[in-house]
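Printed here is data.cif (mmCIF, C-alpha atoms):
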```
data_my_file
#
loop_
_atom_site.label_atom_id
_atom_site.label_comp_id
_atom_site.auth_asym_id
_atom_site.auth_seq_id
_atom_site.Cartn_x
_atom_site.Cartn_y
_atom_site.Cartn_z
CA MET A 985 95.54 97.19 112.25
CA ASN A 986 97.45 97.80 115.49
CA ASN A 987 94.59 99.30 117.40
CA THR A 988 94.65 96.92 120.34
CA SER A 989 95.76 99.71 122.65
CA GLU A 990 92.58 101.61 121.89
CA THR A 991 89.53 100.54 123.83
CA PRO A 992 87.80 97.86 121.77
CA LEU A 993 84.16 98.00 120.78
CA LYS A 994 82.00 96.30 123.38
CA LYS A 995 78.48 96.51 122.04
CA VAL A 996 76.80 97.21 118.72
CA LEU A 997 73.15 97.79 117.95
CA LEU A 998 72.21 97.43 114.31
CA ILE A 999 69.05 98.71 112.70
CA CYS A 1000 67.73 97.21 109.48
CA ALA A 1001 64.90 99.28 107.98
CA LYS A 1002 64.78 97.95 104.43
CA GLY A 1003 63.77 94.57 103.04
CA ALA A 1004 65.74 94.13 99.82
CA ILE A 1005 68.26 91.27 99.82
CA GLU A 1006 71.26 93.60 99.87
CA ASP A 1007 69.91 95.76 102.70
CA VAL A 1008 69.06 92.79 104.88
CA TYR A 1009 72.38 91.06 104.23
CA ALA A 1010 74.33 94.21 105.06
CA ALA A 1011 72.78 94.11 108.52
CA LEU A 1012 73.14 90.32 108.89
CA VAL A 1013 76.80 90.24 107.84
CA MET A 1014 77.66 93.08 110.20
CA ALA A 1015 75.73 91.56 113.08
CA ASN A 1016 77.22 88.11 112.60
CA GLY A 1017 80.68 89.64 112.18
CA ALA A 1018 80.29 91.42 115.51
CA VAL A 1019 79.15 88.23 117.23
CA MET A 1020 82.17 86.42 115.79
CA GLU A 1021 84.45 89.05 117.30
CA GLY A 1022 82.91 88.53 120.70
CA ILE A 1023 81.09 91.88 120.64
CA GLU A 1024 77.68 92.06 122.32
CA THR A 1025 75.23 92.38 119.42
CA LYS A 1026 71.61 93.44 119.15
CA LEU A 1027 69.84 93.53 115.82
CA PHE A 1028 66.63 95.51 115.27
CA PHE A 1029 64.28 95.18 112.35
CA THR A 1030 61.84 97.93 111.45
CA PHE A 1031 59.60 98.96 108.56
CA PHE A 1032 60.29 96.86 105.45
CA GLY A 1033 63.25 95.31 107.23
CA LEU A 1034 60.65 93.30 109.16
CA ASP A 1035 60.32 91.10 106.06
CA ALA A 1036 63.63 89.51 107.04
CA ILE A 1037 62.16 88.16 110.29
CA THR A 1038 58.58 87.54 109.11
CA LYS A 1039 58.14 83.77 108.78
CA ASN A 1040 56.32 83.73 105.44
CA LYS A 1041 58.56 86.38 103.84
CA MET A 1042 62.08 85.79 105.11
CA THR A 1043 63.00 83.21 102.48
CA HIS A 1044 61.49 85.20 99.60
CA LEU A 1045 63.43 88.46 99.74
CA HIS A 1046 64.05 90.21 96.44
CA THR A 1047 66.40 92.76 95.05
CA SER A 1048 65.01 95.61 92.98
CA THR A 1049 65.57 95.51 89.22
CA VAL A 1050 63.84 98.86 88.75
CA GLY A 1051 65.45 102.15 89.73
CA ASN A 1052 68.68 100.43 90.70
CA PRO A 1053 71.52 102.09 88.77
CA SER A 1054 74.08 99.56 90.00
CA MET A 1055 72.20 96.63 88.45
CA ARG A 1056 74.19 94.95 85.66
CA MET A 1057 73.54 92.14 83.21
CA PRO A 1058 75.76 89.06 83.61
CA GLY A 1059 78.93 90.19 81.84
CA GLY A 1060 78.69 93.75 83.06
CA LEU A 1061 76.48 95.53 80.53
CA PRO A 1062 73.98 98.03 81.98
CA PHE A 1063 70.66 96.50 82.96
CA PRO A 1064 67.79 98.30 81.16
CA THR A 1065 65.15 99.43 83.65
CA LEU A 1066 62.42 98.53 81.16
CA LEU A 1067 63.60 94.91 81.28
CA GLY A 1068 63.32 95.03 85.05
CA ILE A 1069 59.58 95.66 84.94
CA LEU A 1070 58.81 92.43 83.04
CA PRO A 1071 57.10 89.72 85.11
CA GLY A 1072 59.55 87.21 86.50
CA VAL A 1073 62.69 89.24 85.86
CA GLU A 1074 63.01 90.48 89.42
CA ALA A 1075 62.47 86.94 90.74
CA GLY A 1076 65.05 85.57 88.30
CA VAL A 1077 67.65 88.17 89.19
CA SER A 1078 67.00 87.60 92.90
CA ALA A 1079 67.37 83.84 92.50
CA MET A 1080 70.65 84.37 90.66
CA MET A 1081 71.93 86.65 93.40
CA LYS A 1082 71.06 84.04 96.02
CA SER A 1083 72.87 81.27 94.13
CA GLN A 1084 75.96 83.46 93.84
CA MET A 1085 75.88 84.05 97.59
CA GLU A 1086 75.50 80.34 98.32
CA LYS A 1087 78.72 79.76 96.37
CA LEU A 1088 80.52 82.19 98.68
CA ASP A 1089 79.27 80.26 101.72
CA ILE A 1090 76.87 83.07 102.63
CA PRO A 1091 73.95 81.49 104.49
CA THR A 1092 70.23 81.97 103.86
CA VAL A 1093 68.37 84.51 106.01
CA PRO A 1094 66.99 81.98 108.55
CA GLU A 1095 70.35 80.25 108.81
CA PHE A 1096 72.11 83.58 109.29
CA LEU A 1097 69.71 84.54 112.08
CA GLU A 1098 70.36 81.15 113.65
CA MET A 1099 74.12 81.73 113.50
CA ILE A 1100 73.74 85.14 115.13
CA THR A 1101 71.58 83.86 117.98
CA ALA A 1102 73.78 80.74 118.41
CA GLY A 1103 76.63 83.11 119.23
CA GLY A 1104 74.56 85.08 121.70
CA GLY A 1105 73.32 87.88 119.40
CA GLU A 1106 69.80 89.17 120.08
CA ILE A 1107 67.06 89.94 117.58
CA TYR A 1108 64.21 92.40 118.10
CA ALA A 1109 61.34 93.84 116.09
CA CYS A 1110 60.11 97.43 116.17
CA LYS A 1111 56.69 97.90 117.75
CA LEU A 1112 55.52 100.81 115.63
CA ALA A 1113 56.32 99.05 112.35
CA ALA A 1114 54.90 95.72 113.58
CA ASP A 1115 51.64 97.52 114.48
CA MET A 1116 51.62 99.22 111.10
CA PHE A 1117 52.04 95.94 109.20
CA LYS A 1118 49.69 94.15 111.64
CA LEU A 1119 52.37 91.66 112.65
CA LYS A 1120 52.28 89.76 115.93
CA LYS A 1121 55.04 87.92 117.73
CA GLU A 1122 53.81 84.59 116.31
CA ASP A 1123 54.18 85.90 112.74
CA LEU A 1124 57.87 86.47 113.38
CA TYR A 1125 60.86 84.14 113.32
CA GLU A 1126 60.95 82.15 116.58
CA ASP A 1127 64.27 83.54 117.79
CA VAL A 1128 62.97 87.13 117.81
CA ILE A 1129 63.17 87.99 121.50
CA ASP A 1130 60.52 90.67 121.60
CA ILE A 1131 58.70 93.48 119.84
CA ILE A 1132 59.98 96.64 121.49
CA THR A 1133 59.53 100.41 121.48
CA VAL A 1134 62.15 102.97 120.54
CA GLY A 1135 62.52 103.81 124.23
CA GLN A 1136 63.41 100.21 125.09
CA PHE A 1137 65.87 100.25 122.22
CA TYR A 1138 67.72 103.22 123.68
CA GLU A 1139 67.68 101.65 127.13
CA MET A 1140 69.69 98.78 125.65
CA ALA A 1141 72.20 101.14 124.08
CA GLY A 1142 73.92 102.20 127.31
CA GLY A 1143 77.49 101.52 128.33
CA GLU A 1144 80.85 102.69 127.09
CA ASN A 1145 82.11 101.71 123.64
CA THR A 1146 78.64 101.09 122.29
CA GLN A 1147 77.80 101.91 118.69
CA ILE A 1148 74.48 102.19 116.87
CA ILE A 1149 74.66 101.34 113.18
CA PHE A 1150 71.87 102.04 110.72
CA THR A 1151 72.24 100.00 107.55
CA MET B 1219 105.99 89.72 112.11
CA GLY B 1220 108.37 88.06 114.53
CA GLU B 1221 109.59 84.93 116.17
CA LYS B 1222 108.24 83.44 119.32
CA ILE B 1223 109.21 80.45 121.40
CA ILE B 1224 106.16 78.33 122.10
CA ALA B 1225 106.45 74.97 123.88
CA GLY B 1226 110.22 75.08 123.37
CA LYS B 1227 110.04 75.61 119.62
CA THR B 1228 110.81 78.79 117.72
CA VAL B 1229 107.95 79.65 115.38
CA GLN B 1230 107.02 82.55 113.10
CA VAL B 1231 104.10 84.62 114.35
CA SER B 1232 102.23 87.66 113.03
CA ASP B 1233 101.84 90.88 115.03
CA ASP B 1234 98.50 89.75 116.36
CA GLY B 1235 99.81 86.37 117.49
CA TYR B 1236 98.85 83.98 114.70
CA MET B 1237 101.38 81.48 113.42
CA THR B 1238 102.31 82.24 109.83
CA ASN B 1239 103.73 78.84 108.90
CA MET B 1240 101.26 76.12 109.80
CA ASP B 1241 103.88 73.39 109.23
CA GLU B 1242 105.75 74.57 112.33
CA TRP B 1243 102.76 73.64 114.49
CA THR B 1244 102.74 70.72 116.89
CA PRO B 1245 99.95 69.60 119.24
CA GLU B 1246 102.12 70.83 122.14
CA ILE B 1247 102.20 74.31 120.61
CA GLY B 1248 98.41 74.11 120.29
CA GLN B 1249 98.16 73.27 123.99
CA GLU B 1250 100.38 76.21 124.89
CA ILE B 1251 98.39 78.75 122.83
CA ALA B 1252 95.14 77.33 124.22
CA LYS B 1253 96.45 78.03 127.72
CA GLU B 1254 97.03 81.67 126.73
CA GLU B 1255 93.40 81.78 125.59
CA ASN B 1256 92.30 80.14 128.87
CA ILE B 1257 90.96 77.10 127.07
CA GLU B 1258 91.44 73.54 128.30
CA LEU B 1259 91.66 71.41 125.15
CA THR B 1260 89.44 68.33 125.02
CA ASP B 1261 89.15 65.70 122.27
CA LYS B 1262 86.28 67.71 120.80
CA HIS B 1263 88.51 70.82 120.63
CA MET B 1264 91.19 68.75 118.89
CA GLU B 1265 88.71 67.42 116.33
CA ILE B 1266 87.81 71.00 115.42
CA ILE B 1267 91.47 72.06 115.35
CA ASN B 1268 92.27 69.20 112.97
CA PHE B 1269 89.27 70.09 110.80
CA ILE B 1270 90.50 73.68 110.59
CA ARG B 1271 94.04 72.61 109.72
CA ASP B 1272 92.78 70.27 106.98
CA LYS B 1273 90.53 72.99 105.59
CA VAL B 1274 93.31 75.57 105.49
CA LYS B 1275 95.78 73.08 104.04
CA ALA B 1276 93.29 72.38 101.24
CA GLY B 1277 93.24 76.11 100.50
CA ASP B 1278 89.60 76.60 101.50
CA THR B 1279 88.31 79.78 103.08
CA LEU B 1280 87.70 79.29 106.76
CA THR B 1281 84.20 80.33 107.82
CA ILE B 1282 82.20 79.79 110.97
CA ARG B 1283 79.50 78.26 108.78
CA SER B 1284 81.86 75.57 107.50
CA VAL B 1285 82.70 74.56 111.06
CA GLY B 1286 78.95 74.40 111.79
CA LYS B 1287 78.50 72.12 108.79
CA SER B 1288 81.53 69.94 109.58
CA GLY B 1289 79.46 67.37 111.43
CA ILE B 1290 81.75 67.74 114.44
CA ILE B 1291 79.79 70.43 116.22
CA ASP B 1292 77.01 72.97 115.67
CA ILE B 1293 77.67 76.69 115.80
CA LYS B 1294 76.28 77.11 119.29
CA GLY B 1295 78.57 74.36 120.56
CA PHE B 1296 81.50 76.01 118.78
CA TYR B 1297 80.85 79.27 120.64
CA GLY B 1298 80.66 77.19 123.82
CA LEU B 1299 84.04 75.52 123.31
CA PHE B 1300 85.90 78.66 122.25
CA PRO B 1301 84.04 81.41 124.11
CA GLY B 1302 83.94 84.93 122.68
CA ALA B 1303 85.50 84.76 119.26
CA PRO B 1304 85.53 81.05 118.33
CA LEU B 1305 86.84 81.17 114.77
CA LYS B 1306 89.74 83.46 115.67
CA LYS B 1307 90.65 81.56 118.83
CA ALA B 1308 90.41 78.16 117.16
CA ALA B 1309 92.50 79.38 114.23
CA ARG B 1310 95.17 80.69 116.59
CA ILE B 1311 95.32 77.42 118.49
CA ALA B 1312 95.37 75.46 115.21
CA GLY B 1313 98.46 77.39 114.15
CA VAL B 1314 96.92 78.80 110.99
CA LYS B 1315 96.72 82.37 109.75
CA LYS B 1316 94.07 84.78 111.00
CA PRO B 1317 90.79 83.94 109.26
CA ALA B 1318 90.17 86.31 106.36
CA SER B 1319 86.46 85.79 105.77
CA CYS B 1320 83.44 87.88 106.70
CA VAL B 1321 81.12 85.00 107.51
#
```
Is it possible to express this structure as structure tokens?
Amino acid sequence: MNNTSETPLKKVLLICAKGAIEDVYAALVMANGAVMEGIETKLFFTFFGLDAITKNKMTHLHTSTVGNPSMRMPGGLPFPTLLGILPGVEAGVSAMMKSQMEKLDIPTVPEFLEMITAGGGEIYACKLAADMFKLKKEDLYEDVIDIITVGQFYEMAGGENTQIIFT
Amino acid sequence: MGEKIIAGKTVQVSDDGYMTNMDEWTPEIGQEIAKEENIELTDKHMEIINFIRDKVKAGDTLTIRSVGKSGIIDIKGFYGLFPGAPLKKAARIAGVKKPASCV
């Protein structure tokens, strides 16, 4: 851990392209972690990741109970995919996952976004995906700064010790 | 790990400058570390420092969210008082170990 003599990271740009709970949280945890370290942070949402910043979807994210080989029953037994297709199972599993996270002091999606912006992190949406899903700025969480193009994204990525992370 | 003299007292510190025995801390030591971090401690700072010390003493995990929910300050204000990396800086000044949480 003695890497203080190396040049520290100055800026990170994170891209979240998927909308399942675990994909969104991977991006949120990393973004918030960077903000907490005093690193300049920009977080971009594209394709299904846009769900995380879409007002009427951000609090209803799900995890997939079908085609997810890491899914386990409580207690650790394998989770049968056929069970995952039953109505309500995916919602139930997602609710359980959220309650587990609450116990670990992991905030909800809107609260997490608030924490990131409170520390100076910036949140953007991808223009192409927003056009595709017919989303406008007013459909998105209020702290989203702008809907931007890939070119604008790269313009923000300049400077030494900048990293782009795709979750 | 090593020893360091802060505000005239010898205390145990980790390689990255966090005190490893929170009982060795005094408000004067807090002042001294705050100076190193270029922070002028106000009453509000001290309230947060005391909150952090109580939390750590109780064995709770220190998170930025818990400070935001403490009723002392919101998260934006916390970033304002300890610019840059608030949880790390506040923990250092409070004489507790480096925070080991991801949120």
Would you kindly translate the PyMOL selection byres ((chain B) within 6 of (chain A)) into the concrete residues it picks from this file, as a ChimeraX atom specification? /B:1294,1297,1302-1303
For the structure shown, which residues end up in the PyMOL selection byres ((chain A and resi 1126) around 10)? Put them as a list in words, please? Ile1037, Thr1038, Lys1039, Glu1098, Ile1107, Lys1121, Glu1122, Asp1123, Leu1124, Tyr1125, Asp1127, Val1128, Ile1129 and Asp1130 of chain A
Run through the PyMOL selection byres ((chain A and resi 1072-1077) around 10) on the given coordinates and return the selected residues as a list in words. His1044, Leu1045, His1046, Thr1047, Ser1048, Thr1049, Val1050, Met1055, Met1057, Pro1058, Leu1067, Gly1068, Ile1069, Leu1070, Pro1071, Ser1078, Ala1079, Met1080, Met1081, Lys1082 and Ser1083 of chain A
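For B:Lys1315, the list of residues within 8 Å, based on all atoms listed in the file and with local chain neighbours fewer than 6 positions off taken out, reads B:Tyr1236, B:Met1237, B:Thr1238, B:Asn1239, B:Met1240, B:Ala1309.
The interatomic distance for the pair atom CA of B:Lys1253 and atom CA of B:Ala1312 works out to 12.8 Å.
With all atoms listed in the file as the basis for measurement, A:Gly1033 is the residue among A:Pro992, A:Gly1003, A:Gly1143, A:Gly1033 that approaches A:Ala1109 most closely.
Picture a line from atom CA of B:Glu1265 to atom CA of B:Gly1226; it runs 23.9 Å.
Considering the residues B:Gly1235, B:Met1219, B:Val1321, B:Arg1283 and counting only C-alpha atoms, B:Glu1255 has its shortest atom-to-atom contact with B:Gly1235.
Take atom CA of A:Glu1139 and atom CA of A:Met1042: the distance between them is 27.7 Å.
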Excluding B:Ile1291 and any residue of its chain fewer than 2 positions from it, enumerate the residues within 12 Å of it, using only C-alpha atoms, and give them as a PyMOL selection string. chain B and resi 1262-1267+1269+1282-1289+1293-1300
Shortest interatomic distance to B:Asn1256 - which of B:Ile1224, B:Ile1311, B:Val1229, B:Ile1270, counting all atoms listed in the file: B:Ile1311
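Take the candidates A:Thr1146, A:Pro1053, A:Ala1036, A:Thr1092 and check each one against A:Thr1065 using only C-alpha atoms; the shortest distance goes to A:Pro1053.
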